[in-house]
Structure formats: C-alpha cells, structure tokens
>>> print(open('coords-v3.txt').read())   # compact mmCIF, C-alpha atoms
# COMPACT_ATOMS: atom_id res chain seq x y z
CA MET A 1 -22.32 30.44 -35.43
CA LYS A 2 -22.51 26.65 -35.46
CA LYS A 3 -21.44 24.73 -32.41
CA ILE A 4 -18.69 22.12 -32.74
CA PHE A 5 -18.47 18.89 -30.73
CA CYS A 6 -15.37 16.73 -30.44
CA GLY A 7 -15.01 13.08 -29.49
CA ILE A 8 -11.66 11.52 -28.61
CA ASP A 9 -11.11 7.76 -28.74
CA LEU A 10 -8.09 7.29 -26.46
CA HIS A 11 -5.65 4.37 -26.50
CA SER A 12 -2.36 3.64 -24.75
CA ASN A 13 -0.18 4.90 -27.61
CA ASN A 14 -2.46 6.99 -29.83
CA MET A 15 -5.80 8.81 -29.98
CA MET A 16 -8.39 9.64 -32.59
CA ALA A 17 -10.16 13.02 -32.53
CA ALA A 18 -13.37 13.57 -34.54
CA PHE A 19 -15.47 16.72 -34.96
CA VAL A 20 -19.16 17.19 -35.81
CA ASP A 21 -21.26 20.35 -36.01
CA SER A 22 -24.59 21.08 -34.34
CA GLU A 23 -26.45 19.47 -37.26
CA GLY A 24 -24.51 16.21 -37.02
CA LYS A 25 -22.32 16.80 -40.06
CA ARG A 26 -18.90 15.16 -39.84
CA LEU A 27 -16.25 17.82 -40.24
CA PHE A 28 -12.82 16.36 -39.62
CA HIS A 29 -10.98 13.54 -37.91
CA LYS A 30 -7.33 12.81 -37.22
CA LYS A 31 -5.27 10.14 -35.54
CA MET A 32 -2.27 11.29 -33.52
CA ASP A 33 0.16 10.30 -30.80
CA CYS A 34 -0.68 10.68 -27.11
CA ASN A 35 0.64 14.21 -27.11
CA ILE A 36 -1.42 17.17 -25.93
CA HIS A 37 0.53 19.61 -28.11
CA GLN A 38 -0.44 17.68 -31.25
CA LEU A 39 -4.05 17.71 -30.07
CA GLU A 40 -3.93 21.47 -29.49
CA ASP A 41 -2.81 22.00 -33.09
CA VAL A 42 -5.82 19.96 -34.26
CA LEU A 43 -8.22 21.83 -31.94
CA LYS A 44 -6.96 25.31 -32.84
CA PRO A 45 -9.19 25.88 -35.93
CA TYR A 46 -12.29 24.91 -33.92
CA ARG A 47 -11.43 26.59 -30.60
CA ASN A 48 -13.93 29.45 -30.83
CA GLU A 49 -16.84 27.24 -31.95
CA LEU A 50 -16.01 24.28 -29.70
CA GLU A 51 -19.02 23.70 -27.45
CA LYS A 52 -17.84 20.56 -25.66
CA MET A 53 -15.47 17.66 -26.06
CA ALA A 54 -15.57 14.10 -24.71
CA VAL A 55 -12.64 11.87 -23.77
CA GLU A 56 -13.17 8.14 -23.43
CA SER A 57 -12.54 6.97 -19.87
CA THR A 58 -9.65 4.57 -20.35
CA PHE A 59 -6.94 3.66 -17.84
CA ASN A 60 -4.74 6.55 -19.00
CA TRP A 61 -7.15 9.50 -19.22
CA TYR A 62 -5.62 11.57 -16.39
CA TRP A 63 -2.97 13.40 -18.40
CA LEU A 64 -5.33 14.29 -21.24
CA VAL A 65 -8.36 15.48 -19.27
CA ASP A 66 -6.25 17.39 -16.74
CA GLY A 67 -4.25 19.00 -19.53
CA LEU A 68 -7.35 20.07 -21.45
CA GLN A 69 -9.04 21.44 -18.34
CA ALA A 70 -5.91 23.39 -17.43
CA LYS A 71 -6.04 25.05 -20.86
CA GLY A 72 -9.72 25.94 -20.48
CA TYR A 73 -11.31 23.40 -22.80
CA PRO A 74 -14.88 22.26 -21.95
CA VAL A 75 -14.23 18.53 -21.50
CA VAL A 76 -16.30 15.66 -20.11
CA LEU A 77 -15.34 12.08 -19.36
CA ALA A 78 -17.29 9.48 -21.36
CA ASN A 79 -18.27 6.31 -19.52
CA PRO A 80 -17.68 3.39 -21.95
CA ALA A 81 -19.40 0.86 -19.63
CA ALA A 82 -22.71 2.72 -20.06
CA MET A 83 -22.47 3.22 -23.83
CA GLU A 84 -23.74 0.83 -26.46
CA GLN A 85 -23.00 1.08 -30.16
CA TYR A 86 -25.85 1.05 -32.66
CA SER A 87 -27.42 -2.40 -32.92
CA GLY A 88 -26.49 -4.20 -36.12
CA ILE A 89 -23.47 -2.06 -36.92
CA LYS A 90 -21.22 -3.90 -39.40
CA HIS A 91 -18.04 -1.91 -39.17
CA ALA A 92 -16.41 -0.22 -36.20
CA ASP A 93 -12.98 1.36 -35.89
CA ASP A 94 -11.30 4.21 -34.04
CA LYS A 95 -12.68 6.82 -36.43
CA ASN A 96 -16.28 5.68 -36.06
CA ASP A 97 -15.87 5.34 -32.29
CA ALA A 98 -14.64 8.92 -32.05
CA TYR A 99 -17.51 10.20 -34.21
CA PHE A 100 -19.92 8.15 -32.10
CA LEU A 101 -18.70 9.95 -28.97
CA ALA A 102 -19.07 13.33 -30.66
CA GLU A 103 -22.56 12.49 -31.91
CA MET A 104 -23.79 11.35 -28.48
CA LEU A 105 -22.30 14.52 -27.04
CA ARG A 106 -24.17 16.60 -29.62
CA LEU A 107 -27.46 14.85 -28.78
CA ASN A 108 -26.78 15.34 -25.06
CA ILE A 109 -27.18 11.61 -24.34
CA LEU A 110 -23.55 10.76 -23.59
CA PRO A 111 -23.13 8.84 -20.29
CA THR A 112 -20.41 10.65 -18.41
CA GLY A 113 -18.20 9.85 -15.45
CA TYR A 114 -17.01 11.93 -12.53
CA ILE A 115 -13.78 13.89 -13.00
CA TYR A 116 -12.05 13.76 -9.63
CA ASP A 117 -10.21 16.82 -8.35
CA CYS A 118 -6.75 16.58 -9.92
CA ASN A 119 -5.12 17.85 -6.71
CA LEU A 120 -6.70 15.20 -4.48
CA ARG A 121 -6.67 12.35 -7.00
CA PRO A 122 -3.00 11.42 -6.38
CA VAL A 123 -3.77 11.14 -2.65
CA ARG A 124 -6.73 8.89 -3.40
CA ASP A 125 -4.59 6.73 -5.66
CA LEU A 126 -1.99 6.56 -2.90
CA MET A 127 -4.59 4.94 -0.63
CA ARG A 128 -5.37 2.47 -3.40
CA ARG A 129 -1.68 1.57 -3.65
CA ARG A 130 -1.67 1.09 0.11
CA MET A 131 -4.42 -1.53 -0.26
CA LEU A 132 -2.29 -3.35 -2.82
CA LEU A 133 0.68 -3.36 -0.43
CA VAL A 134 -1.54 -4.66 2.39
CA GLN A 135 -2.72 -7.51 0.18
CA GLN A 136 0.88 -8.39 -0.69
CA ARG A 137 1.86 -8.33 2.98
CA THR A 138 -1.11 -10.52 3.89
CA ALA A 139 -0.09 -13.07 1.26
CA LEU A 140 3.43 -13.19 2.70
CA LEU A 141 2.13 -13.51 6.27
CA LEU A 142 -0.11 -16.41 5.30
CA SER A 143 2.75 -18.09 3.45
CA PHE A 144 5.05 -17.64 6.47
CA LYS A 145 2.43 -19.10 8.83
CA SER A 146 1.69 -21.96 6.44
CA LEU A 147 5.34 -22.97 6.28
CA TYR A 148 5.62 -22.93 10.07
CA THR A 149 2.50 -25.09 10.45
CA ARG A 150 3.70 -27.60 7.84
CA MET A 151 7.10 -27.99 9.46
CA THR A 152 6.13 -27.92 13.16
CA GLY A 153 2.43 -28.77 13.35
CA GLN A 154 1.91 -25.61 15.43
CA GLU A 155 0.09 -22.33 14.79
CA MET A 156 1.79 -18.94 14.93
CA ASN A 157 0.04 -15.68 15.72
CA VAL A 158 0.20 -12.97 13.03
CA ASN A 159 1.31 -10.34 15.53
CA LYS A 160 4.20 -12.56 16.56
CA VAL A 161 5.29 -12.82 12.92
CA LYS A 162 5.20 -9.03 12.56
CA GLU A 163 7.25 -8.46 15.74
CA MET A 164 9.82 -11.14 14.91
CA GLU A 165 13.29 -10.21 13.66
CA PRO A 166 14.63 -11.85 10.44
CA GLU A 167 17.31 -13.62 12.49
CA GLU A 168 14.63 -15.14 14.72
CA ALA A 169 12.81 -16.44 11.65
CA VAL A 170 15.94 -18.31 10.58
CA LYS A 171 16.16 -20.12 13.92
CA LEU A 172 12.70 -21.64 13.47
CA TYR A 173 13.99 -24.26 11.00
CA GLU A 174 16.91 -26.60 10.52
CA HIS A 175 16.89 -26.94 6.73
CA PRO A 176 18.81 -24.17 4.88
CA ALA A 177 16.05 -23.75 2.29
CA ASN A 178 13.40 -23.11 4.96
CA GLN A 179 15.76 -20.76 6.77
CA LEU A 180 16.35 -18.79 3.59
CA ILE A 181 12.69 -18.41 2.58
CA SER A 182 11.61 -17.44 6.11
CA LYS A 183 14.33 -14.78 6.30
CA VAL A 184 13.49 -13.39 2.86
CA GLN A 185 9.75 -13.31 3.57
CA LYS A 186 10.25 -11.61 6.93
CA LYS A 187 12.36 -8.88 5.32
CA HIS A 188 9.67 -8.30 2.70
CA ILE A 189 6.97 -8.18 5.38
CA ASP A 190 8.92 -5.57 7.34
CA ALA A 191 9.59 -3.49 4.23
CA LEU A 192 5.92 -3.56 3.25
CA SER A 193 4.85 -2.61 6.78
CA GLU A 194 7.18 0.38 6.70
CA SER A 195 5.85 1.49 3.30
CA ILE A 196 2.24 1.12 4.47
CA GLN A 197 2.89 3.28 7.54
CA THR A 198 4.62 5.94 5.43
CA ILE A 199 1.63 6.11 3.06
CA GLU A 200 -0.84 6.32 5.95
CA LYS A 201 1.02 9.26 7.50
CA ALA A 202 1.18 11.11 4.18
CA VAL A 203 -2.52 10.62 3.39
CA LEU A 204 -3.56 11.54 6.93
CA ALA A 205 -1.60 14.79 6.71
CA ASP A 206 -3.47 15.71 3.50
CA SER A 207 -6.97 14.69 4.58
CA ARG A 208 -7.25 15.09 8.34
CA ASP A 209 -8.58 18.67 7.90
CA LEU A 210 -11.28 17.64 5.43
CA PRO A 211 -14.72 17.92 7.07
CA LEU A 212 -15.87 14.61 5.58
CA TYR A 213 -13.08 12.71 7.33
CA LYS A 214 -13.90 14.05 10.79
CA ARG A 215 -17.58 13.14 10.48
CA LEU A 216 -17.00 9.70 9.00
CA THR A 217 -14.82 8.54 11.87
CA THR A 218 -17.79 8.94 14.23
CA ILE A 219 -19.71 6.16 12.43
CA PRO A 220 -19.51 2.77 14.21
CA GLY A 221 -16.86 0.56 12.61
CA ILE A 222 -15.10 3.38 10.75
CA GLY A 223 -11.65 4.26 12.05
CA LYS A 224 -8.65 6.03 10.61
CA ILE A 225 -7.99 3.84 7.56
CA LEU A 226 -11.63 3.33 6.54
CA GLY A 227 -12.32 7.01 7.12
CA LEU A 228 -9.42 7.96 4.87
CA THR A 229 -10.49 5.49 2.19
CA ILE A 230 -14.11 6.67 2.12
CA THR A 231 -13.12 10.35 2.21
CA MET A 232 -10.75 9.97 -0.71
CA GLU A 233 -13.06 7.77 -2.80
CA VAL A 234 -16.22 9.87 -2.41
CA GLY A 235 -14.82 13.14 -3.69
CA GLU A 236 -17.79 15.49 -4.11
CA ILE A 237 -20.76 14.06 -2.19
CA LYS A 238 -23.24 16.29 -4.03
CA ARG A 239 -22.78 14.21 -7.17
CA PHE A 240 -25.05 11.60 -5.54
CA GLU A 241 -28.71 12.60 -5.62
CA ASP A 242 -29.75 10.58 -2.59
CA SER A 243 -28.60 7.94 -0.14
CA GLY A 244 -29.90 5.14 -2.39
CA ASN A 245 -27.69 6.22 -5.28
CA PHE A 246 -24.70 6.43 -2.97
CA ALA A 247 -25.39 2.99 -1.47
CA SER A 248 -25.65 1.58 -5.00
CA TYR A 249 -22.32 3.19 -5.93
CA CYS A 250 -20.86 1.48 -2.86
CA ARG A 251 -22.16 -1.89 -4.16
CA THR A 252 -24.22 -2.49 -1.03
CA VAL A 253 -27.57 -3.01 -2.78
CA ASP A 254 -29.00 -6.04 -4.56
CA SER A 255 -28.28 -6.29 -8.29
CA SER A 256 -30.79 -8.99 -9.21
CA ARG A 257 -33.34 -8.67 -12.02
CA THR A 258 -36.86 -10.02 -11.50
CA SER A 259 -40.08 -10.25 -13.50
CA ASN A 260 -43.45 -11.43 -12.20
CA ASP A 261 -41.80 -12.11 -8.84
CA LYS A 262 -39.32 -14.48 -10.51
CA LYS A 263 -35.59 -13.96 -10.73
CA LYS A 264 -34.51 -13.56 -14.36
CA GLY A 265 -30.83 -12.93 -13.79
CA ASP A 266 -28.34 -10.53 -12.27
CA ASN A 267 -27.58 -6.98 -13.29
CA ASN A 268 -24.07 -5.56 -13.23
CA GLY A 269 -23.04 -6.22 -9.64
CA LYS A 270 -19.61 -4.69 -10.30
CA CYS A 271 -21.09 -1.32 -11.24
CA GLY A 272 -19.81 1.14 -8.65
CA ASN A 273 -16.70 1.65 -6.58
CA ARG A 274 -14.99 -1.50 -5.31
CA TYR A 275 -12.92 0.42 -2.77
CA LEU A 276 -16.02 1.88 -1.14
CA ALA A 277 -17.62 -1.57 -1.25
CA TRP A 278 -14.66 -2.98 0.66
CA ALA A 279 -14.63 -0.09 3.14
CA PHE A 280 -18.29 -0.34 4.14
CA VAL A 281 -18.24 -4.14 4.42
CA GLU A 282 -15.17 -3.84 6.65
CA ALA A 283 -16.97 -1.17 8.68
CA ALA A 284 -20.01 -3.43 9.02
CA ASN A 285 -17.87 -6.29 10.31
CA PHE A 286 -16.22 -4.05 12.90
CA ALA A 287 -19.52 -2.43 13.88
CA ARG A 288 -21.32 -5.73 14.49
CA ARG A 289 -18.54 -6.79 16.84
CA TYR A 290 -17.92 -3.64 18.85
CA ASP A 291 -21.08 -1.48 18.67
CA GLU A 292 -24.05 -2.62 20.76
CA THR A 293 -26.77 -1.11 18.56
CA CYS A 294 -25.23 -2.42 15.34
CA GLN A 295 -24.76 -5.84 16.92
CA LYS A 296 -28.41 -5.94 17.98
CA TRP A 297 -29.64 -4.96 14.51
CA PHE A 298 -27.24 -7.40 12.85
CA ASP A 299 -28.42 -10.31 15.01
CA ARG A 300 -32.05 -9.62 14.14
CA LYS A 301 -31.24 -9.46 10.43
CA LYS A 302 -29.09 -12.60 10.58
CA ALA A 303 -31.91 -14.56 12.28
CA ARG A 304 -34.20 -13.80 9.32
CA THR A 305 -31.61 -14.31 6.54
CA CYS A 306 -27.97 -15.36 6.90
CA GLN A 307 -24.68 -13.82 7.98
CA VAL A 308 -23.54 -12.75 4.50
CA VAL A 309 -26.81 -10.96 3.75
CA ALA A 310 -26.85 -9.38 7.22
CA VAL A 311 -23.32 -7.99 6.81
CA LYS A 312 -24.20 -6.54 3.39
CA ALA A 313 -27.41 -5.05 4.79
CA LEU A 314 -25.54 -3.45 7.68
CA ALA A 315 -22.99 -2.07 5.21
CA CYS A 316 -25.87 -0.54 3.24
CA LYS A 317 -27.21 1.06 6.43
CA LEU A 318 -23.83 2.57 7.21
CA ALA A 319 -23.37 3.80 3.62
CA LYS A 320 -26.73 5.58 3.70
CA ALA A 321 -25.91 7.07 7.08
CA ALA A 322 -22.59 8.30 5.70
CA TRP A 323 -24.38 10.01 2.79
CA HIS A 324 -26.75 11.86 5.12
CA MET A 325 -23.89 12.92 7.38
CA MET A 326 -21.76 14.19 4.49
CA SER A 327 -24.50 15.85 2.43
CA GLU A 328 -26.50 17.32 5.33
CA GLU A 329 -23.48 17.98 7.57
CA THR A 330 -25.09 16.19 10.49
CA ASP A 331 -23.70 13.94 13.21
CA PHE A 332 -24.26 10.20 13.39
CA GLN A 333 -27.58 9.37 15.04
CA ALA A 334 -28.03 5.70 15.94
CA GLY A 335 -31.75 6.18 16.60
CA ARG A 336 -32.25 7.50 13.08
CA VAL A 337 -30.21 4.75 11.44
CA PHE A 338 -31.63 1.90 13.55
CA PRO A 339 -35.08 3.08 14.72
CA GLU A 340 -36.30 -0.46 15.37
CA CYS A 341 -33.43 -1.10 17.80
CA ALA A 342 -33.80 2.27 19.50
CA GLY A 343 -37.51 1.69 20.16
CA ASN A 344 -38.54 4.45 17.75
CA LYS A 345 -41.20 4.09 15.11
CA LYS A 346 -40.68 5.67 11.77
>>> encode(input="coords-v3.txt", output="structure tokens")
Amino acid sequence: MKKIFCGIDLHSNNMMAAFVDSEGKRLFHKKMDCNIHQLEDVLKPYRNELEKMAVESTFNWYWLVDGLQAKGYPVVLANPAAMEQYSGIKHADDKNDAYFLAEMLRLNILPTGYIYDCNLRPVRDLMRRRMLLVQQRTALLLSFKSLYTRMTGQEMNVNKVKEMEPEEAVKLYEHPANQLISKVQKKHIDALSESIQTIEKAVLADSRDLPLYKRLTTIPGIGKILGLTITMEVGEIKRFEDSGNFASYCRTVDSSRTSNDKKKGDNNGKCGNRYLAWAFVEAANFARRYDETCQKWFDRKKARTCQVVAVKALACKLAKAAWHMMSEETDFQAGRVFPECAGNKK
C-alpha cells in the first residue's frame, strides 16, 4: 500500500490541498473554503493511506490544526520562515505551494513548528493580550504626564496618575479642552487597569499549579507576571535540546555572521519568541537591581563591554538557568549560574 502525503496552503479565506504518493507522483489537488467539513470530504478517499499532512503556519492555523488533530489526522505545522522554494523557479501559485509542502513532507525535510497544547494556548494568548493592554495604558500614562508637564512645567508621578480620580484630573487645567482630554484619558487608564488585573487573576488561576511556574518564580528578577509569561510561552520544555537552543529561542544570543574573524552581516535576529525575549530582559533588569549576585556579575560584565550588552548577557544567563531548572527539575543555584561571583571554578 502506497503512502499518501498532503500539503495544505492556508489563506484567510480559502485553502489549497494537494496530495502526492510515496514516489512523488502528484495525485490530486483542490481549492476550497476555510471549512473543515469540505476538507474532510476531500480527505476521505485518502484516509486509510494518509501517512502525514502539513498545514502552513499562518496567522489563522488554530482552527484547522486543532480540528484535524481532534479527528485523528496525523498533522504537522510547517514553518514558512524556514522554507525556501527551489532556486530559479519561474512560476509559483497556491497549487504549487501546496504540492511543495507535500513533497518536502514526503522527503522528510519539512521544517516544522511546535503545536502548542490547544487547552493551554488560549491562556497563553490571554497573557499576550495583557501585554497589549499594558502598552496601551503606558501610552496613555505618558500622554497624560506630557500634557501636565507642557501646561504646568511640573512633573507628575505615574503612581499619582493611577490613583487619581477622573474628577481630580479635570481640576488640573483651566481650559475645557485640556479638562476633557485629561478626564477621557484617566477613564481609559482606569478601564485598562481593571482589565489587566482581571486577566492576571484568570491566568494565575489556570497556571499557579503548573510545576514550571513555581520553579521559575525562584529565579532572581522573575515575579508573578514574568513567571506566568515564561510558563505560558515555553509550553513543553523538552522540545529544546539544550540550554543554548532555549536561550537562542529567547533571542538572548548574538545573531551576527562572521568569516575570517570579520563580521559579514547579521543573521535573523527576530528568529525566536519575542515574548520570552521581553520577559528575560525584564528579569535581567530587575535582577541587576535587587539581587546582589546578579548585580555583581552585571557590573563586571558592564565594565568590559557596555550596559546593553551586559543586560542581554545576564538575560542569557537567566534563560539558560531557567532551562536547567525546568528540564532537570532542579532549584535555582546561584553558584552554578555565576561561579565566578561565588568564588567557584568551573
């Protein structure tokens, strides 16, 4: 019995499915709406021989991959950032893209992505939405402070803005326009703060019992929010072979390209998880302020390089420590992470 491989080129309003056999022969292709029932009708004749199918990782892959997995189909997520079409190709369309996915799947050379647990993924995405709300609130706070400085020549503390009532904001100015914008901005700030707190409580209730979360919060600089973010973004820690791969995924390693000791350019510095990158840099900034060992190591690194490089290097240290703690189920050991500061020799 020949094995069948299927590639699906997914778009926002349609998808193209293409099938090849184990010898690379093109069997069938069809374009259809983004409807899993239509896809099932297309898959039905090949169900028994279907070895594996690949779905292109686009912004809207959740419904399709989750639906196929729920129905028992062997599906993988294709990573388009790591794929490159044949050099010199003259014609490319949805049909050829779908066949290209199926062919790479058949040859077992298809770069694939991680399929996050569909039950935890909404909680992870909730934390990502929280970050968006925080950014919006920060923009409003800065705008509020900027207006106050322009009109009075004085500075206002952020905490004072947060604690202020909308009616108090109105009294800061005499002009009706300034009174209106300050009142509107303060109401938005309060609404965003309430939404952020609601999200934090919901995520904490779902993740506080996860073993990764409890261990992560013992790392210097990592508190409740950073612990939740890292826990939700990591998923399955065993998907990372070693601490170096994990640190690279967290964007805490150098992405330069050199030859003969000369820099020839930069590799893809955005390859990895930007939320983990933010979390570990934030952790590094907190750790260098409030943890004595981290501060000592940071100062030594900063003296040899600069502050930006030292922060990134400390973030890399913390990321590698987090990998060891999560994968080996060990506690944080400052002497192991910073042997030079602890007086130990490796």
>>> atom_distance(input="coords-v3.txt", atom1="CA of Ile230 (chain A)", atom2="CA of Tyr249 (chain A)")
12.0 Å
>>> atom_distance(input="coords-v3.txt", atom1="CA of Thr293 (chain A)", atom2="CA of Val234 (chain A)")
25.9 Å
>>> residues_around(input="coords-v3.txt", residues="Asp209 (chain A)", least_positions_apart="6", cutoff="12 Å", atoms="all atoms listed in the file", output="compact mmCIF listing (two decimals) with C-alpha atoms, in the frame of the given file")
# COMPACT_ATOMS: atom_id res chain seq x y z
CA VAL A 203 -2.52 10.62 3.39
CA ARG A 215 -17.58 13.14 10.48
CA LEU A 228 -9.42 7.96 4.87
CA THR A 231 -13.12 10.35 2.21
>>> residues_around(input="coords-v3.txt", residues="Leu68 (chain A)", least_positions_apart="4", cutoff="10 Å", atoms="all atoms listed in the file", output="number ranges by chain")
A: 36, 39-40, 53, 63-64, 72-75
>>> closest_residue(input="coords-v3.txt", among="A:Ile115, A:Ala98, A:Leu147, A:Met131", to="Leu77 (chain A)", atoms="all atoms listed in the file")
A:Ile115
>>> closest_residue(input="coords-v3.txt", among="A:Gln185, A:Ser195, A:Asn273, A:Asn159", to="Asn245 (chain A)", atoms="all atoms listed in the file")
A:Asn273
>>> residues_near_point(input="coords-v3.txt", point="(-12.5, 1.9, -5.2)", cutoff="9 Å", atoms="all atoms listed in the file", output="list in words")
Arg128, Thr229, Ile230, Glu233, Cys250, Gly272, Asn273, Arg274, Tyr275, Leu276, Ala277, Trp278 and Ala279 of chain A
>>> closest_residue(input="coords-v3.txt", among="A:Ala92, A:Ile199, A:Ile219, A:Ala321", to="Ala247 (chain A)", atoms="all atoms listed in the file")
A:Ala321
>>> atom_distance(input="coords-v3.txt", atom1="CA of Met104 (chain A)", atom2="CA of His11 (chain A)")
19.5 Å
>>> closest_residue(input="coords-v3.txt", among="A:Ile237, A:Val42, A:Leu142, A:Leu318", to="Glu155 (chain A)", atoms="all atoms listed in the file")
A:Leu142
>>> residues_around(input="coords-v3.txt", residues="Lys2 (chain A)", least_positions_apart="5", cutoff="10 Å", atoms="all atoms listed in the file", output="VMD selection string")
chain A and resid 21 to 23 49 to 51
>>> axis_aligned_box(input="coords-v3.txt", around="region 185-203 of chain A", padding_each_side="8 Å", output="JSON")
{"center_x": 4.9, "center_y": -1.1, "center_z": 5.1, "size_x": 30.9, "size_y": 40.4, "size_z": 20.8}
>>> residues_around(input="coords-v3.txt", residues="Ala191 (chain A)", least_positions_apart="2", cutoff="12 Å", atoms="only C-alpha atoms", output="list in words")
Leu133, Val134, Gln136, Arg137, Leu140, Lys162, Pro166, Val184, Gln185, Lys186, Lys187, His188, Ile189, Ser193, Glu194, Ser195, Ile196, Gln197 and Thr198 of chain A
>>> closest_residue(input="coords-v3.txt", among="A:Lys296, A:Lys30, A:Lys3, A:Arg121", to="Arg47 (chain A)", atoms="only C-alpha atoms")
A:Lys3
>>> residues_around(input="coords-v3.txt", residues="Lys301 (chain A)", least_positions_apart="2", cutoff="12 Å", atoms="all atoms listed in the file", output="ChimeraX atom specification")
/A:288,294-299,303-314,317,338,340-341
>>> write_last_selection(input="coords-v3.txt", atoms="C-alpha atoms", output="PDB file, in the frame of the given file")
ATOM      1  CA  ARG A 288     -21.320  -5.730  14.490  1.00  0.00           C
ATOM      2  CA  CYS A 294     -25.230  -2.420  15.340  1.00  0.00           C
ATOM      3  CA  GLN A 295     -24.760  -5.840  16.920  1.00  0.00           C
ATOM      4  CA  LYS A 296     -28.410  -5.940  17.980  1.00  0.00           C
ATOM      5  CA  TRP A 297     -29.640  -4.960  14.510  1.00  0.00           C
ATOM      6  CA  PHE A 298     -27.240  -7.400  12.850  1.00  0.00           C
ATOM      7  CA  ASP A 299     -28.420 -10.310  15.010  1.00  0.00           C
ATOM      8  CA  ALA A 303     -31.910 -14.560  12.280  1.00  0.00           C
ATOM      9  CA  ARG A 304     -34.200 -13.800   9.320  1.00  0.00           C
ATOM     10  CA  THR A 305     -31.610 -14.310   6.540  1.00  0.00           C
ATOM     11  CA  CYS A 306     -27.970 -15.360   6.900  1.00  0.00           C
ATOM     12  CA  GLN A 307     -24.680 -13.820   7.980  1.00  0.00           C
ATOM     13  CA  VAL A 308     -23.540 -12.750   4.500  1.00  0.00           C
ATOM     14  CA  VAL A 309     -26.810 -10.960   3.750  1.00  0.00           C
ATOM     15  CA  ALA A 310     -26.850  -9.380   7.220  1.00  0.00           C
ATOM     16  CA  VAL A 311     -23.320  -7.990   6.810  1.00  0.00           C
ATOM     17  CA  LYS A 312     -24.200  -6.540   3.390  1.00  0.00           C
ATOM     18  CA  ALA A 313     -27.410  -5.050   4.790  1.00  0.00           C
ATOM     19  CA  LEU A 314     -25.540  -3.450   7.680  1.00  0.00           C
ATOM     20  CA  LYS A 317     -27.210   1.060   6.430  1.00  0.00           C
ATOM     21  CA  PHE A 338     -31.630   1.900  13.550  1.00  0.00           C
ATOM     22  CA  GLU A 340     -36.300  -0.460  15.370  1.00  0.00           C
ATOM     23  CA  CYS A 341     -33.430  -1.100  17.800  1.00  0.00           C
TER      24      CYS A 341
END
>>> closest_residue(input="coords-v3.txt", among="A:Val161, A:Gly235, A:Val55, A:Ile222", to="Phe286 (chain A)", atoms="only C-alpha atoms")
A:Ile222
>>> decode(input="coords-v3.txt", residues="region 281-327 of chain A", atoms="C-alpha atoms", output="mmCIF file, in the first residue's frame")
data_model
loop_
_atom_site.group_PDB
_atom_site.id
_atom_site.type_symbol
_atom_site.label_atom_id
_atom_site.label_comp_id
_atom_site.auth_asym_id
_atom_site.auth_seq_id
_atom_site.Cartn_x
_atom_site.Cartn_y
_atom_site.Cartn_z
ATOM 1 C CA VAL A 281 15.374 41.120 29.536
ATOM 2 C CA GLU A 282 12.877 42.442 32.085
ATOM 3 C CA ALA A 283 14.050 39.781 34.536
ATOM 4 C CA ALA A 284 17.666 40.785 33.944
ATOM 5 C CA ASN A 285 16.887 44.432 34.656
ATOM 6 C CA PHE A 286 15.129 43.550 37.907
ATOM 7 C CA ALA A 287 17.828 41.063 38.922
ATOM 8 C CA ARG A 288 20.697 43.525 38.440
ATOM 9 C CA ARG A 289 18.929 45.993 40.714
ATOM 10 C CA TYR A 290 17.712 43.786 43.537
ATOM 11 C CA ASP A 291 19.883 40.629 43.598
ATOM 12 C CA GLU A 292 23.404 41.002 44.984
ATOM 13 C CA THR A 293 24.989 38.179 42.983
ATOM 14 C CA CYS A 294 23.380 39.269 39.716
ATOM 15 C CA GLN A 295 24.384 42.860 40.380
ATOM 16 C CA LYS A 296 27.986 41.831 40.978
ATOM 17 C CA TRP A 297 28.132 39.772 37.778
ATOM 18 C CA PHE A 298 26.400 42.523 35.795
ATOM 19 C CA ASP A 299 28.871 45.179 36.980
ATOM 20 C CA ARG A 300 31.831 43.033 35.934
ATOM 21 C CA LYS A 301 30.309 42.416 32.503
ATOM 22 C CA LYS A 302 29.385 46.086 32.060
ATOM 23 C CA ALA A 303 32.967 47.173 32.870
ATOM 24 C CA ARG A 304 34.260 45.033 29.988
ATOM 25 C CA THR A 305 31.501 45.863 27.467
ATOM 26 C CA CYS A 306 28.551 48.225 27.917
ATOM 27 C CA GLN A 307 25.218 48.268 29.713
ATOM 28 C CA VAL A 308 23.130 46.994 26.780
ATOM 29 C CA VAL A 309 25.420 44.010 26.187
ATOM 30 C CA ALA A 310 25.601 43.290 29.919
ATOM 31 C CA VAL A 311 21.802 43.241 30.270
ATOM 32 C CA LYS A 312 21.469 40.891 27.283
ATOM 33 C CA ALA A 313 24.223 38.651 28.673
ATOM 34 C CA LEU A 314 22.518 38.492 32.059
ATOM 35 C CA ALA A 315 19.231 37.668 30.328
ATOM 36 C CA CYS A 316 21.009 34.812 28.539
ATOM 37 C CA LYS A 317 22.330 33.530 31.870
ATOM 38 C CA LEU A 318 18.861 33.571 33.384
ATOM 39 C CA ALA A 319 17.341 31.870 30.316
ATOM 40 C CA LYS A 320 19.870 29.037 30.497
ATOM 41 C CA ALA A 321 19.276 28.694 34.217
ATOM 42 C CA ALA A 322 15.534 28.512 33.573
ATOM 43 C CA TRP A 323 16.055 25.705 31.040
ATOM 44 C CA HIS A 324 18.086 23.634 33.510
ATOM 45 C CA MET A 325 15.529 24.196 36.261
ATOM 46 C CA MET A 326 12.583 23.233 34.051
ATOM 47 C CA SER A 327 14.173 20.286 32.227
#
